[in-house]
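What follows is a single structure, written as structure tokens, with notes after it.
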Amino acid sequence: MEAVLGHLRGAIERGDYAIGDKLPSEAELCRTLEISRPVLREALRALQTMGLTVSRTGKGTFVVANAVEDPTFGDYAASDLLEVRRHVEIPVAGYAARRRTAADLDHLAHLLDRMEQETDTTAWVAMDTVFHLAVAEAAQNPVFRRVIEEIRDALARQSAFLNELGGRREQSNREHRAIIEALIDGSEHDAVQAMTHHLDRVETTLTDIMRPTRTDASTEDGPEA
């Protein structure tokens, strides 16, 4: 999927498909690139998330931008989502370190154990959003939980995107482990630092994904078999 995405994204960024152009049909792309339809559809969804294309029912996929600026996850742009997460989840981690109960710690530890053993991305992404909700619950303020609940769908979409294109799962597990250890120690400072590091890594991965693709032979020749 990454190879197909890189090929199509490179073609758009080079101007092979200009703004307003319709991409070839799924059948044609599958035949030309020698890939399966599920793989192509994943790549097309990623292009749309990046803001490069839009899909119009019954008409096809159209190019609407030639550079990635700010991916959209559900109803929210990535930059808006990250800004809110920094202002909410970082202090929430500090409150959670001060207020967490034994039951909160047990729940979080059990959840992370499952995440570290999970190999299915969809299942892991679902647990990822539960993890962040559980940290908010440990802060013992229902308003925090309500805010995270509001952006839960966007968090899930972002998590899936970062896992598919940035290989974030194992790194994220380690970052979550650091957050839990800070909560166990009851260290507000360490919890704030751990959540800050986690969100920094999310931003770095997004930035890396958003960088323009190279236009060398590897992208021009299309994805490898």
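By order in the structure tokens, chains are A, B, ...; within a chain, residues start at 1; ligands start at 1, following the order shown.
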**OP:** Find the residues around A:Ala102 up to 12 Å (only C-alpha atoms counted), leave out those fewer than 5 positions away in its own chain, and share them as JSON, numbers by chain.
**Re:** {"A": [96, 97, 107, 108, 109, 138, 183, 184, 185, 186]}
**OP:** Determine, counting only C-alpha atoms, which protein, DNA and RNA residues have an atom within 9 Å of an atom of A:Ile12; residues of the same chain fewer than 4 positions away are not included. Present the result as a VMD selection string.
**Re:** chain A and resid 7 to 8 16 to 19 52 63 65 to 67
**OP:** Could you check which of A:Glu118, A:Glu188, A:Glu164, A:Asp200 is closest to A:Ala3, using only C-alpha atoms?
**Re:** A:Glu164
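Taking only C-alpha atoms into account, A:Glu203 lies nearest to A:Arg168 out of the set A:Arg145, A:Arg152, A:Arg41, A:Arg168.
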**OP:** Would you mind listing what lies within 8 Å of A:Asp128 as a ChimeraX atom specification, with only C-alpha atoms counted and same-chain residues fewer than 3 positions away left out?
**Re:** /A:115,124-125,131-132,156,159
List as JSON lines every residue of stretch 107-199 of chain A that is in contact with stretch 81-91 of chain A, defined as an atom at most 10 Å from one of its atoms (using only C-alpha atoms), together with the nearest atom pair and the distance in Å rounded to one decimal, sorted by chain and then rising number.
{"residue": "A:His132", "atom": "CA", "partner": "A:Glu89", "partner_atom": "CA", "distance": 8.2}
{"residue": "A:Leu133", "atom": "CA", "partner": "A:Glu89", "partner_atom": "CA", "distance": 9.8}
{"residue": "A:Val135", "atom": "CA", "partner": "A:Glu89", "partner_atom": "CA", "distance": 8.5}
{"residue": "A:Ala136", "atom": "CA", "partner": "A:Glu89", "partner_atom": "CA", "distance": 7.5}
{"residue": "A:Ala139", "atom": "CA", "partner": "A:Pro91", "partner_atom": "CA", "distance": 9.3}
{"residue": "A:Phe144", "atom": "CA", "partner": "A:Val88", "partner_atom": "CA", "distance": 7.4}
{"residue": "A:Val147", "atom": "CA", "partner": "A:Val88", "partner_atom": "CA", "distance": 8.2}
{"residue": "A:Ile148", "atom": "CA", "partner": "A:Glu89", "partner_atom": "CA", "distance": 8.4}
{"residue": "A:Ile151", "atom": "CA", "partner": "A:Leu81", "partner_atom": "CA", "distance": 7.9}
{"residue": "A:Ala154", "atom": "CA", "partner": "A:Leu81", "partner_atom": "CA", "distance": 7.9}
{"residue": "A:Leu155", "atom": "CA", "partner": "A:Leu81", "partner_atom": "CA", "distance": 8.3}
{"residue": "A:Gln158", "atom": "CA", "partner": "A:Leu81", "partner_atom": "CA", "distance": 9.4}
{"residue": "A:Glu188", "atom": "CA", "partner": "A:Pro91", "partner_atom": "CA", "distance": 8.9}
{"residue": "A:His189", "atom": "CA", "partner": "A:Pro91", "partner_atom": "CA", "distance": 9.9}
{"residue": "A:Ala191", "atom": "CA", "partner": "A:Ile90", "partner_atom": "CA", "distance": 8.0}
{"residue": "A:Val192", "atom": "CA", "partner": "A:Ile90", "partner_atom": "CA", "distance": 5.4}
{"residue": "A:Gln193", "atom": "CA", "partner": "A:Ile90", "partner_atom": "CA", "distance": 8.0}
{"residue": "A:Ala194", "atom": "CA", "partner": "A:Ile90", "partner_atom": "CA", "distance": 8.6}
{"residue": "A:Met195", "atom": "CA", "partner": "A:Ile90", "partner_atom": "CA", "distance": 5.6}
{"residue": "A:Thr196", "atom": "CA", "partner": "A:Ile90", "partner_atom": "CA", "distance": 6.1}
{"residue": "A:His197", "atom": "CA", "partner": "A:Ile90", "partner_atom": "CA", "distance": 9.6}
{"residue": "A:His198", "atom": "CA", "partner": "A:Ile90", "partner_atom": "CA", "distance": 9.6}
{"residue": "A:Leu199", "atom": "CA", "partner": "A:Arg86", "partner_atom": "CA", "distance": 7.2}
Subject >> Members of chain A assigned strand (DSSP E or B) by DSSP, as number ranges by chain >> reply: A: 22, 53-56, 60-63, 72-73, 76-77
Residues just named, written with N, CA, C and O atoms as an mmCIF file, in the first residue's frame:
data_model
loop_
_atom_site.group_PDB
_atom_site.id
_atom_site.type_symbol
_atom_site.label_atom_id
_atom_site.label_comp_id
_atom_site.auth_asym_id
_atom_site.auth_seq_id
_atom_site.Cartn_x
_atom_site.Cartn_y
_atom_site.Cartn_z
ATOM 1 N N LYS A 22 -9.312 13.842 -13.033
ATOM 2 C CA LYS A 22 -9.861 12.619 -12.461
ATOM 3 C C LYS A 22 -8.811 11.519 -12.580
ATOM 4 O O LYS A 22 -8.199 11.345 -13.642
ATOM 5 N N THR A 53 -6.908 14.453 -2.748
ATOM 6 C CA THR A 53 -8.014 14.058 -3.615
ATOM 7 C C THR A 53 -9.337 14.088 -2.860
ATOM 8 O O THR A 53 -9.358 14.163 -1.626
ATOM 9 N N VAL A 54 -10.412 14.031 -3.640
ATOM 10 C CA VAL A 54 -11.741 13.816 -3.075
ATOM 11 C C VAL A 54 -12.405 12.722 -3.896
ATOM 12 O O VAL A 54 -12.157 12.605 -5.104
ATOM 13 N N SER A 55 -13.229 11.941 -3.245
ATOM 14 C CA SER A 55 -13.964 10.885 -3.931
ATOM 15 C C SER A 55 -15.412 11.320 -4.081
ATOM 16 O O SER A 55 -16.054 11.702 -3.095
ATOM 17 N N ARG A 56 -15.906 11.271 -5.308
ATOM 18 C CA ARG A 56 -17.284 11.669 -5.573
ATOM 19 C C ARG A 56 -18.065 10.444 -6.032
ATOM 20 O O ARG A 56 -17.730 9.833 -7.053
ATOM 21 N N GLY A 60 -15.970 9.174 -9.387
ATOM 22 C CA GLY A 60 -14.570 8.811 -9.303
ATOM 23 C C GLY A 60 -13.797 9.662 -8.323
ATOM 24 O O GLY A 60 -14.370 10.379 -7.496
ATOM 25 N N THR A 61 -12.476 9.594 -8.427
ATOM 26 C CA THR A 61 -11.579 10.321 -7.526
ATOM 27 C C THR A 61 -10.918 11.466 -8.281
ATOM 28 O O THR A 61 -10.353 11.266 -9.359
ATOM 29 N N PHE A 62 -10.978 12.662 -7.703
ATOM 30 C CA PHE A 62 -10.471 13.859 -8.366
ATOM 31 C C PHE A 62 -9.366 14.518 -7.532
ATOM 32 O O PHE A 62 -9.429 14.538 -6.294
ATOM 33 N N VAL A 63 -8.376 15.068 -8.208
ATOM 34 C CA VAL A 63 -7.271 15.762 -7.556
ATOM 35 C C VAL A 63 -7.728 17.166 -7.163
ATOM 36 O O VAL A 63 -8.279 17.896 -7.987
ATOM 37 N N THR A 72 -6.566 15.581 7.203
ATOM 38 C CA THR A 72 -7.821 15.686 7.950
ATOM 39 C C THR A 72 -8.217 14.325 8.479
ATOM 40 O O THR A 72 -8.203 13.343 7.747
ATOM 41 N N PHE A 73 -8.558 14.284 9.758
ATOM 42 C CA PHE A 73 -9.002 13.051 10.392
ATOM 43 C C PHE A 73 -10.429 13.235 10.879
ATOM 44 O O PHE A 73 -10.666 13.928 11.862
ATOM 45 N N TYR A 76 -11.725 16.892 11.830
ATOM 46 C CA TYR A 76 -10.695 17.810 12.309
ATOM 47 C C TYR A 76 -9.393 17.726 11.523
ATOM 48 O O TYR A 76 -8.937 16.641 11.169
ATOM 49 N N ALA A 77 -8.788 18.886 11.278
ATOM 50 C CA ALA A 77 -7.467 18.941 10.658
ATOM 51 C C ALA A 77 -6.434 18.478 11.666
ATOM 52 O O ALA A 77 -6.585 18.677 12.885
#
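With only C-alpha atoms as the basis for measurement, A:Arg9 is the residue among A:Arg37, A:Ala134, A:Arg9, A:Leu29 that approaches A:Gly51 most closely.
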**OP:** Kindly indicate which residue among A:Cys30, A:Val92, A:Ala103, A:Ala182 lies nearest to A:Ala43, using only C-alpha atoms for the distances.
**Re:**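 With only C-alpha atoms as the atom set, the closest residue is A:Cys30.
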Original post:
What does the distance from atom CA of A:Arg177 to atom CA of A:Asp153 come to in Å, to one decimal?
Top reply: 22.8 Å
List every residue of stretch 53-170 of chain A that DSSP, applied to the backbone, labels as helix (DSSP H, G or I), and write the result as a JSON list (two decimals) with C-alpha atoms, in the first residue's frame.
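Ended up saving to part-v7.json:
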[["chain", "number", "residue", "atom", "x", "y", "z"],
["A", 78, "ALA", "CA", -4.31, 17.35, 12.06],
["A", 79, "SER", "CA", -2.91, 20.71, 13.23],
["A", 80, "ASP", "CA", -6.11, 21.57, 15.11],
["A", 81, "LEU", "CA", -6.25, 18.12, 16.66],
["A", 82, "LEU", "CA", -2.66, 18.25, 17.86],
["A", 83, "GLU", "CA", -3.06, 21.75, 19.27],
["A", 84, "VAL", "CA", -6.03, 20.66, 21.37],
["A", 85, "ARG", "CA", -4.32, 17.45, 22.45],
["A", 86, "ARG", "CA", -1.32, 19.40, 23.74],
["A", 87, "HIS", "CA", -3.52, 21.76, 25.74],
["A", 88, "VAL", "CA", -5.69, 18.95, 27.14],
["A", 89, "GLU", "CA", -3.82, 15.66, 27.34],
["A", 90, "ILE", "CA", -0.54, 17.01, 28.74],
["A", 91, "PRO", "CA", -2.11, 18.61, 31.85],
["A", 92, "VAL", "CA", -4.52, 15.66, 32.08],
["A", 93, "ALA", "CA", -1.54, 13.33, 32.48],
["A", 94, "GLY", "CA", -0.31, 15.47, 35.35],
["A", 95, "TYR", "CA", -3.68, 15.42, 37.09],
["A", 96, "ALA", "CA", -3.91, 11.66, 36.53],
["A", 97, "ALA", "CA", -0.57, 11.15, 38.27],
["A", 98, "ARG", "CA", -1.89, 12.99, 41.32],
["A", 99, "ARG", "CA", -5.41, 11.53, 41.40],
["A", 102, "ALA", "CA", -5.50, 1.56, 42.11],
["A", 103, "ALA", "CA", -8.36, 0.57, 39.81],
["A", 104, "ASP", "CA", -7.23, 3.15, 37.22],
["A", 105, "LEU", "CA", -3.71, 1.75, 37.26],
["A", 106, "ASP", "CA", -4.92, -1.84, 36.95],
["A", 107, "HIS", "CA", -7.11, -0.92, 33.99],
["A", 108, "LEU", "CA", -4.34, 0.95, 32.20],
["A", 109, "ALA", "CA", -1.74, -1.76, 32.84],
["A", 110, "HIS", "CA", -4.06, -4.50, 31.60],
["A", 111, "LEU", "CA", -4.96, -2.46, 28.54],
["A", 112, "LEU", "CA", -1.32, -1.81, 27.64],
["A", 113, "ASP", "CA", -0.43, -5.48, 28.11],
["A", 114, "ARG", "CA", -3.10, -6.32, 25.52],
["A", 115, "MET", "CA", -1.87, -3.60, 23.18],
["A", 116, "GLU", "CA", 1.71, -4.87, 23.34],
["A", 117, "GLN", "CA", 0.54, -8.35, 22.35],
["A", 121, "THR", "CA", -3.89, -2.92, 13.55],
["A", 122, "THR", "CA", -7.63, -2.30, 13.72],
["A", 123, "ALA", "CA", -7.88, -3.86, 17.19],
["A", 124, "TRP", "CA", -4.79, -1.97, 18.36],
["A", 125, "VAL", "CA", -6.17, 1.36, 17.14],
["A", 126, "ALA", "CA", -9.41, 0.76, 19.05],
["A", 127, "MET", "CA", -7.44, 0.10, 22.24],
["A", 128, "ASP", "CA", -5.28, 3.16, 21.60],
["A", 129, "THR", "CA", -8.28, 5.47, 21.90],
["A", 130, "VAL", "CA", -9.45, 3.60, 25.01],
["A", 131, "PHE", "CA", -6.01, 4.15, 26.53],
["A", 132, "HIS", "CA", -6.25, 7.92, 26.14],
["A", 133, "LEU", "CA", -9.79, 7.90, 27.50],
["A", 134, "ALA", "CA", -8.58, 5.88, 30.50],
["A", 135, "VAL", "CA", -5.85, 8.42, 31.26],
["A", 136, "ALA", "CA", -8.50, 11.17, 31.15],
["A", 137, "GLU", "CA", -10.71, 9.14, 33.49],
["A", 138, "ALA", "CA", -7.79, 8.77, 35.91],
["A", 142, "PRO", "CA", -15.54, 14.20, 33.73],
["A", 143, "VAL", "CA", -15.01, 17.25, 31.52],
["A", 144, "PHE", "CA", -11.63, 15.94, 30.40],
["A", 145, "ARG", "CA", -13.16, 12.63, 29.47],
["A", 146, "ARG", "CA", -15.90, 14.40, 27.51],
["A", 147, "VAL", "CA", -13.31, 16.34, 25.50],
["A", 148, "ILE", "CA", -11.39, 13.17, 24.60],
["A", 149, "GLU", "CA", -14.65, 11.44, 23.76],
["A", 150, "GLU", "CA", -15.48, 14.25, 21.34],
["A", 152, "ARG", "CA", -12.21, 9.96, 19.75],
["A", 153, "ASP", "CA", -13.09, 9.21, 16.13],
["A", 154, "ALA", "CA", -10.42, 11.62, 14.90],
["A", 155, "LEU", "CA", -7.87, 10.05, 17.25],
["A", 156, "ALA", "CA", -8.68, 6.61, 15.85],
["A", 157, "ARG", "CA", -8.34, 7.81, 12.26],
["A", 158, "GLN", "CA", -5.06, 9.53, 13.05],
["A", 159, "SER", "CA", -3.75, 6.46, 14.87],
["A", 160, "ALA", "CA", -4.60, 4.18, 11.94],
["A", 161, "PHE", "CA", -2.98, 6.63, 9.51],
["A", 162, "LEU", "CA", 0.24, 6.85, 11.53],
["A", 163, "ASN", "CA", 0.41, 3.07, 11.91],
["A", 164, "GLU", "CA", -0.14, 2.40, 8.22],
["A", 165, "LEU", "CA", 2.30, 5.03, 6.95],
["A", 166, "GLY", "CA", 4.62, 5.67, 9.88],
["A", 169, "ARG", "CA", 2.71, 0.97, 16.90],
["A", 170, "GLU", "CA", 5.75, -0.36, 18.77]]
**OP:** Would you work out the distance separating atom CA of A:Met50 from atom CA of A:Glu69, expressed in Å to one decimal?
**Re:**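 That distance, rounded to one decimal, is 7.5 Å.
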Original post:
Interatomic distance between atom CA of A:Glu26 and atom CA of A:Leu44?
Top reply: 9.5 Å
